[in-house]
Each structure stands twice: as C-alpha cells, then as structure tokens.
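Okay, query.txt is below, compact mmCIF, C-alpha atoms:
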```
# COMPACT_ATOMS: atom_id res chain seq x y z
CA MET I 1 44.84 62.58 20.37
CA SER I 2 43.24 60.32 22.92
CA GLY I 3 43.13 62.94 25.63
CA THR I 4 44.50 60.54 28.22
CA ARG I 5 47.88 61.47 29.59
CA SER I 6 50.23 58.94 31.12
CA LEU I 7 52.48 59.00 34.14
CA PHE I 8 55.39 56.64 34.77
CA LEU I 9 56.54 56.35 38.38
CA GLY I 10 59.82 54.53 38.90
CA LEU I 11 60.34 53.38 42.47
CA ILE I 12 63.89 52.32 43.16
CA GLY I 13 64.49 53.22 46.78
CA ALA I 14 64.17 50.45 49.36
CA PRO I 15 61.05 50.25 51.53
CA TYR I 16 61.24 50.85 55.29
CA GLU I 17 64.02 53.39 54.75
CA SER I 18 62.17 56.55 53.80
CA ASP I 19 58.76 57.78 52.73
CA LEU I 20 59.43 57.12 49.05
CA PHE I 21 56.77 54.41 48.78
CA THR I 22 54.19 56.53 50.60
CA THR I 23 54.98 59.42 48.26
CA ALA I 24 54.76 57.18 45.19
CA VAL I 25 51.38 55.69 46.03
CA ARG I 26 49.98 59.09 46.93
CA LEU I 27 51.13 60.47 43.58
CA ALA I 28 49.80 57.42 41.75
CA GLU I 29 46.41 57.66 43.39
CA GLU I 30 46.04 61.37 42.72
CA ALA I 31 47.17 60.97 39.11
CA VAL I 32 44.57 58.25 38.53
CA ARG I 33 41.98 60.50 40.14
CA GLN I 34 42.93 63.24 37.68
CA GLY I 35 42.51 60.92 34.72
CA TYR I 36 46.07 59.81 34.06
CA GLU I 37 47.02 56.29 33.11
CA VAL I 38 49.68 55.44 35.66
CA THR I 39 52.46 52.90 35.60
CA VAL I 40 54.33 52.11 38.80
CA TRP I 41 57.63 50.33 38.12
CA THR I 42 59.59 48.91 41.03
CA CYS I 43 63.27 48.04 41.07
CA GLY I 44 65.65 46.89 43.79
CA TYR I 45 64.09 45.97 47.11
CA ALA I 46 60.97 47.91 46.16
CA THR I 47 60.11 44.69 44.31
CA ALA I 48 59.59 43.08 47.73
CA LEU I 49 56.67 45.38 48.53
CA THR I 50 54.32 43.29 46.42
CA ALA I 51 55.91 39.86 46.79
CA ALA I 52 53.36 37.09 47.14
CA ALA I 53 54.97 36.04 50.41
CA VAL I 54 53.90 39.34 52.02
CA ALA I 55 50.80 38.77 54.14
CA PRO I 56 47.72 40.92 53.51
CA GLU I 57 48.12 42.38 56.99
CA LYS I 58 51.06 43.30 59.16
CA PRO I 59 51.62 41.17 62.26
CA ARG I 60 49.23 42.13 65.07
CA ASN I 61 50.13 45.07 67.30
CA ALA I 62 50.58 43.72 70.82
CA ALA I 63 49.92 47.21 72.20
CA ASP I 64 46.61 47.48 70.33
CA TRP I 65 45.50 43.93 69.68
CA GLY I 66 42.19 44.80 68.08
CA SER I 67 43.64 46.96 65.34
CA ARG I 68 44.49 45.67 61.88
CA SER I 69 47.13 47.12 59.56
CA PRO I 70 47.06 46.26 55.86
CA SER I 71 50.39 45.53 54.23
CA PRO I 72 51.94 47.39 51.27
CA ALA I 73 51.12 44.38 49.08
CA ALA I 74 47.46 44.67 50.04
CA LEU I 75 47.56 48.39 49.29
CA ALA I 76 48.92 47.75 45.81
CA LYS I 77 46.13 45.23 45.16
CA HIS I 78 43.56 47.67 46.53
CA LEU I 79 44.78 50.49 44.29
CA LEU I 80 44.85 48.24 41.23
CA ALA I 81 41.22 47.26 41.83
CA TRP I 82 40.17 50.83 42.62
CA ALA I 83 41.87 52.28 39.52
CA ASP I 84 39.89 49.96 37.26
CA GLY I 85 42.59 49.51 34.61
CA ARG I 86 44.14 52.97 34.83
CA LEU I 87 47.00 51.75 37.00
CA SER I 88 49.65 49.17 36.12
CA TRP I 89 52.08 47.84 38.70
CA LEU I 90 55.20 46.39 37.11
CA VAL I 91 58.23 44.74 38.68
CA CYS I 92 61.71 44.53 37.18
CA ARG I 93 62.55 40.90 36.48
CA PHE I 94 66.29 41.35 37.05
CA CYS I 95 65.80 42.92 40.48
CA ALA I 96 63.09 40.45 41.47
CA GLU I 97 65.13 37.44 40.41
CA GLU I 98 68.16 38.72 42.31
CA ARG I 99 66.11 39.26 45.48
CA GLY I 100 63.84 36.23 45.41
CA THR I 101 60.69 38.22 44.74
CA LEU I 102 59.68 36.79 41.38
CA THR I 103 56.36 35.53 42.73
CA GLN I 104 54.13 38.56 43.07
CA VAL I 105 50.59 39.22 44.27
CA ASP I 106 47.76 39.05 41.74
CA GLY I 107 47.66 41.97 39.36
CA VAL I 108 51.34 42.85 39.61
CA ARG I 109 53.34 41.87 36.54
CA ILE I 110 57.01 40.98 36.09
CA ARG I 111 58.64 42.74 33.15
CA PRO I 112 62.10 42.59 31.55
CA PRO I 113 64.48 45.30 32.75
CA TYR I 114 64.89 47.01 29.37
CA GLU I 115 61.26 48.09 29.52
CA PHE I 116 62.12 50.52 32.29
CA VAL I 117 63.55 53.03 29.83
CA GLN I 118 61.08 52.21 27.05
CA ARG I 119 58.06 52.75 29.25
CA SER I 120 59.43 55.82 30.98
CA LEU I 121 60.17 57.53 27.66
CA GLN I 122 56.77 56.63 26.25
CA ALA I 123 54.96 58.29 29.15
CA ASP I 124 53.90 61.92 28.98
CA VAL I 125 55.37 62.46 32.43
CA HIS I 126 57.89 60.31 34.22
CA LEU I 127 59.30 60.56 37.68
CA VAL I 128 61.88 58.24 39.15
CA LEU I 129 62.11 58.06 42.92
CA GLY I 130 65.54 56.67 43.58
CA THR I 131 67.98 56.70 46.42
CA LYS I 132 69.98 59.72 47.41
CA MET P 133 72.62 52.81 86.12
CA ALA P 134 71.66 49.54 84.46
CA ALA P 135 69.99 51.16 81.51
CA THR P 136 70.29 51.43 77.77
CA LEU P 137 70.54 54.69 75.89
CA ALA P 138 68.64 54.36 72.62
CA ILE P 139 69.71 57.02 70.13
CA ILE P 140 67.34 57.59 67.23
CA GLU P 141 68.59 59.74 64.38
CA ARG P 142 66.68 58.69 61.27
CA ALA P 143 63.07 59.75 60.86
CA HIS P 144 60.24 58.94 58.47
CA ARG P 145 61.08 55.39 57.49
CA GLY P 146 57.99 54.63 55.46
CA ALA P 147 54.55 55.60 56.74
CA VAL P 148 52.66 52.99 54.70
CA GLU P 149 55.15 50.23 55.45
CA GLN P 150 55.56 50.90 59.15
CA GLN P 151 52.23 52.27 60.39
CA PHE P 152 52.23 51.34 64.10
CA ALA P 153 55.52 49.42 63.96
CA HIS P 154 57.86 52.43 63.97
CA VAL P 155 61.06 52.93 65.90
CA LEU P 156 59.45 54.47 69.00
CA TRP P 157 57.00 51.56 69.18
CA LEU P 158 60.05 49.30 69.10
CA ALA P 159 61.73 51.36 71.81
CA HIS P 160 58.69 50.94 74.03
CA GLY P 161 58.69 47.19 73.49
CA LEU P 162 62.35 47.10 74.45
CA HIS P 163 61.77 49.35 77.46
CA ARG P 164 59.28 46.88 78.85
CA GLN P 165 62.07 44.33 78.91
CA THR P 166 65.00 46.50 79.97
CA PRO P 167 65.04 50.19 81.00
CA MET P 168 65.61 52.52 78.09
CA THR P 169 66.43 56.20 77.85
CA VAL P 170 65.48 57.51 74.42
CA LEU P 171 67.45 60.31 72.79
CA LEU P 172 66.14 61.91 69.62
CA ARG P 173 68.85 63.41 67.45
CA GLY P 174 69.25 64.46 63.83
CA VAL P 175 66.05 64.62 61.80
CA ALA P 176 64.36 62.38 64.38
CA ALA P 177 64.36 65.42 66.68
CA VAL P 178 61.12 66.39 64.94
CA TYR P 179 59.40 63.56 66.81
CA ALA P 180 59.72 65.70 69.95
CA LEU P 181 57.77 68.63 68.53
CA ALA P 182 54.20 69.27 69.64
CA GLN P 183 52.22 68.73 66.46
CA PRO P 184 48.63 67.83 65.64
CA PRO P 185 48.02 64.08 65.53
CA PRO P 186 48.60 62.56 62.10
CA PRO P 187 45.58 62.07 59.86
CA PRO P 188 44.77 58.49 58.86
CA LEU P 189 46.21 57.13 55.63
CA SER P 190 43.64 57.27 52.87
CA PHE P 191 43.95 55.63 49.47
CA GLY P 192 41.37 54.91 46.83
CA LYS P 193 38.50 56.51 48.73
CA VAL P 194 38.97 54.45 51.90
CA THR P 195 40.98 54.80 55.06
CA TRP P 196 43.87 52.46 54.66
CA GLY P 197 45.82 51.80 57.81
CA ALA P 198 47.14 54.34 60.28
CA ALA P 199 50.01 56.78 59.94
CA PRO P 200 52.83 56.39 62.49
CA ASP P 201 51.83 58.19 65.68
CA TYR P 202 55.04 59.23 67.40
CA GLN P 203 53.37 61.41 70.02
CA THR P 204 51.30 58.57 71.38
CA ALA P 205 54.39 56.37 71.45
CA ILE P 206 56.34 59.00 73.39
CA GLY P 207 53.47 59.31 75.84
CA ARG P 208 53.46 55.54 76.30
CA LEU P 209 57.22 55.47 76.86
CA THR P 210 57.23 58.21 79.47
CA ARG P 211 54.14 56.87 81.21
CA ASP P 212 55.96 53.59 81.64
CA GLY P 213 59.01 55.26 83.16
CA SER P 214 61.31 55.91 80.22
CA ARG P 215 63.02 59.26 79.77
CA VAL P 216 62.66 60.79 76.32
CA LEU P 217 65.15 63.49 75.44
CA VAL P 218 65.86 65.55 72.36
CA SER P 219 69.09 67.11 71.21
CA ALA P 220 68.90 70.90 71.41
CA SER P 221 71.56 71.28 68.73
CA SER P 222 69.58 69.02 66.38
CA LEU P 223 66.48 71.15 66.93
CA ALA P 224 68.55 74.26 66.17
CA ALA P 225 69.89 72.67 62.97
CA LEU P 226 66.30 72.06 61.92
CA ALA P 227 65.37 75.69 62.73
CA ALA P 228 63.04 74.33 65.41
CA ALA P 229 64.87 75.53 68.51
CA THR P 230 61.96 77.69 69.63
CA ASP P 231 59.14 75.39 68.54
CA PRO P 232 57.07 73.93 71.38
CA LEU P 233 58.06 70.44 72.50
CA LEU P 234 55.84 67.67 73.73
CA PRO P 235 55.51 68.15 77.50
CA GLN P 236 57.04 64.73 78.21
CA VAL P 237 60.28 65.53 76.33
CA ASN P 238 63.26 67.46 77.65
CA ALA P 239 65.90 69.11 75.48
CA VAL P 240 69.53 68.34 76.26
CA SER P 241 72.82 69.91 75.19
CA ASP P 242 75.65 68.09 73.45
CA LEU P 243 77.55 68.08 76.75
CA ASP P 244 74.53 66.49 78.43
CA ILE P 245 74.56 63.81 75.73
CA ALA P 246 78.19 63.00 76.43
CA GLU P 247 77.32 62.59 80.10
CA LEU P 248 74.33 60.44 79.21
CA VAL P 249 76.52 58.10 77.22
CA ALA P 250 78.90 57.78 80.15
CA ALA P 251 76.02 57.14 82.55
CA HIS P 252 74.50 54.25 80.59
CA ASP P 253 75.73 50.70 80.32
CA ARG P 254 74.75 50.31 76.71
CA VAL P 255 74.23 52.64 73.75
CA TRP P 256 72.06 51.44 70.90
CA PHE P 257 71.52 53.34 67.67
CA LEU P 258 68.00 52.37 66.57
```
Is it possible to give me this structure as structure tokens?
Amino acid sequence: MSGTRSLFLGLIGAPYESDLFTTAVRLAEEAVRQGYEVTVWTCGYATALTAAAVAPEKPRNAADWGSRSPSPAALAKHLLAWADGRLSWLVCRFCAEERGTLTQVDGVRIRPPYEFVQRSLQADVHLVLGTK
Amino acid sequence: MAATLAIIERAHRGAVEQQFAHVLWLAHGLHRQTPMTVLLRGVAAVYALAQPPPPPLSFGKVTWGAAPDYQTAIGRLTRDGSRVLVSASSLAALAAATDPLLPQVNAVSDLDIAELVAAHDRVWFL
C-alpha cells in the first residue's frame, strides 16, 4: 500500500453558469494539501476554461483600472505548478474537438473520452460535478 | 419614464470566472449609458442582504483574484442614481424575509413589480 489516496474530480458543468468550477478547484486544492493525488477531468464547455486562447488575465476593469484579475486558465496553471505533480488536469478530447478547445495551456493534457470512466473507477474517491 | 428595468434572477455564476465582471457590474456599466432600475428576484435576492464583504480568493497559498463583490456594486449603482429593488416574495421563499437588507435596497411586493414593469419602457432579464 503506497499510502497515497487519489481523488478524481469530473467537471462537466459549463463555466460562467454556477460556482461549480470554484467548488472544484477549492476541493482540488484542499485534497492536494491533504496529500491526495488529484485528477481534474473537464468535459463539455468546462474544456474551454483552460483553452490556450484564454488570456492569462481577464480584460481590464474600467471601474478599477489598476486591478488585475487572473483568468481560470492561469489558475489551472498556477495550481499545477503549486501541486508539484500531485495534480493532473485532463481534458476530454471529444468535448474539446467539438468545441474548438483542443489547444490547451501548458500542463493540461487532452485525453480520449473512454478514460473518463477508467480513471474515475481507479480513483479511491471520485466526484462528478455535472449539470442539474 | 425612459428607463430600463433590469431583472436579475440567477445568482452565483462562477466566482473564479467572473470576479469583478459579474451581473451587477454589467448593470452599472449599462446604467451609465441608459438609466436602469435593477430588480433582484429569485436566488439573486440574496445580493440585497447585508453581509460581510467577501474574502479574497486564495489558491495554492496565494491570493488569487477577487471574489465578486455585489455590495460594492450595489453601492456604485445607487450612488450613480439607479434604483435597486428586491422582491419581498423572493426573500420570503429564501427564508430571508426578516434578514437585514443593504441600506440602499428597497423591498417591493409582487404587485409593485407589476407596476414597475408597466412604468418602464424596456424590461431586460440579465
């Protein structure tokens, strides 16, 4: 027994619709902090969160010009670097191809759709955040 | 009245994704171009409640962006002449009928809302 437990987080719900993504990254971060090996798997329009076309920062806020707001793609890259190998961020190829998000930021990997079930069943704990 | 009634019913549309660019920020940007009355209904009625300011978003040991700050946005809207209203029946449905509201926000009945719709030239669901 290696002693390292694994968590699979499936993120299917679309961004900018609910706090699913915020919930997922909070869970992922805390799980890494507690020693889990975490896999985040995105499907549907959640694949757009880490598309290479997403800028590192949101457009500037005209009401607060001096502030800067990092984008979700930058957050994913930040968490991948911070987790030091204990976090994987995977994107469903089918969903990405369908939505034009096949080119992803560094560190995020495209995987075939059948791995969704394989990886979720291999994990000690899996949680899928879908749409309701 | 040459004004637009902006009805907001959906709340919490992604803290990390939206940060400052949430629906009340949008409403303020629109209000600067054309007068807006903002009505909070449904779950978005919680935006009218007096709550502590949101803590910053923190991930991987560092502060990472800012959580949506609806109170500041409501203050900005009302300071610039917009009316911000909240549905009393929505607050009741959320068991928040007796919770304190932000001082800039007034609760309105369903009958008031019907009159508001009639009194505005345009109704936008944001």
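Here atom CA of Val194 of chain P stands at a distance of 14.7 Å from atom CA of Ser71 of chain I.
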Fill in: Contact residues (chain I, partner chain P, 8 Å, all atoms listed in the file) as a PyMOL selection string
chain I and resi 15-22+26+29+61+68-72+75+78-79+82-83
Worksheet entry | Residues near Ile110 of chain I, cut-off 9 Å, only C-alpha atoms, skip fewer than 4 positions along chain, as a ChimeraX atom specification | /I:89-93,96,102-104
Item to complete: Rounded to one decimal place, report the atom CA of Gly107 of chain I-atom CA of Ala14 of chain I distance in Å.
Response: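 According to the coordinates, atom CA of Gly107 of chain I and atom CA of Ala14 of chain I are separated by 21.1 Å.
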Practice prompt. Just the residues within 7 Å of segment 180-183 of chain P, please, counting all atoms listed in the file, with nothing from its chain fewer than 2 positions along; format it as a ChimeraX atom specification.
Written response: /P:177-178,185,218,231-234,237
Practice prompt. Extract, using only C-alpha atoms, all DNA, RNA and protein residues at most 12 Å from Glu98 of chain I, discarding same-chain residues fewer than 3 positions from it, and format them as a list in words.
Written response: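 The filter keeps Cys43, Gly44, Tyr45, Thr47, Ala48, Cys92, Arg93, Phe94, Cys95, Thr101 and Leu102 of chain I.
Closest to Leu27 of chain I among I:Thr39, I:Thr131, I:Thr50, I:Gln118 is I:Thr39, based on all atoms listed in the file.
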Discussion item. List as number ranges by chain the protein and nucleic acid residues near Pro186 of chain P, meaning an atom at most 10 Å away when only C-alpha atoms are counted, but skip any in the same chain fewer than 2 places from it.
Written reply: P: 183-184, 188-189, 198-203
Worksheet item: Skipping near chain neighbours, those fewer than 2 positions away, what residues fall within 8 Å of Leu217 of chain P using all atoms listed in the file, listed as a PyMOL selection string?
Response: chain P and resi 169-172+215+219+237-240
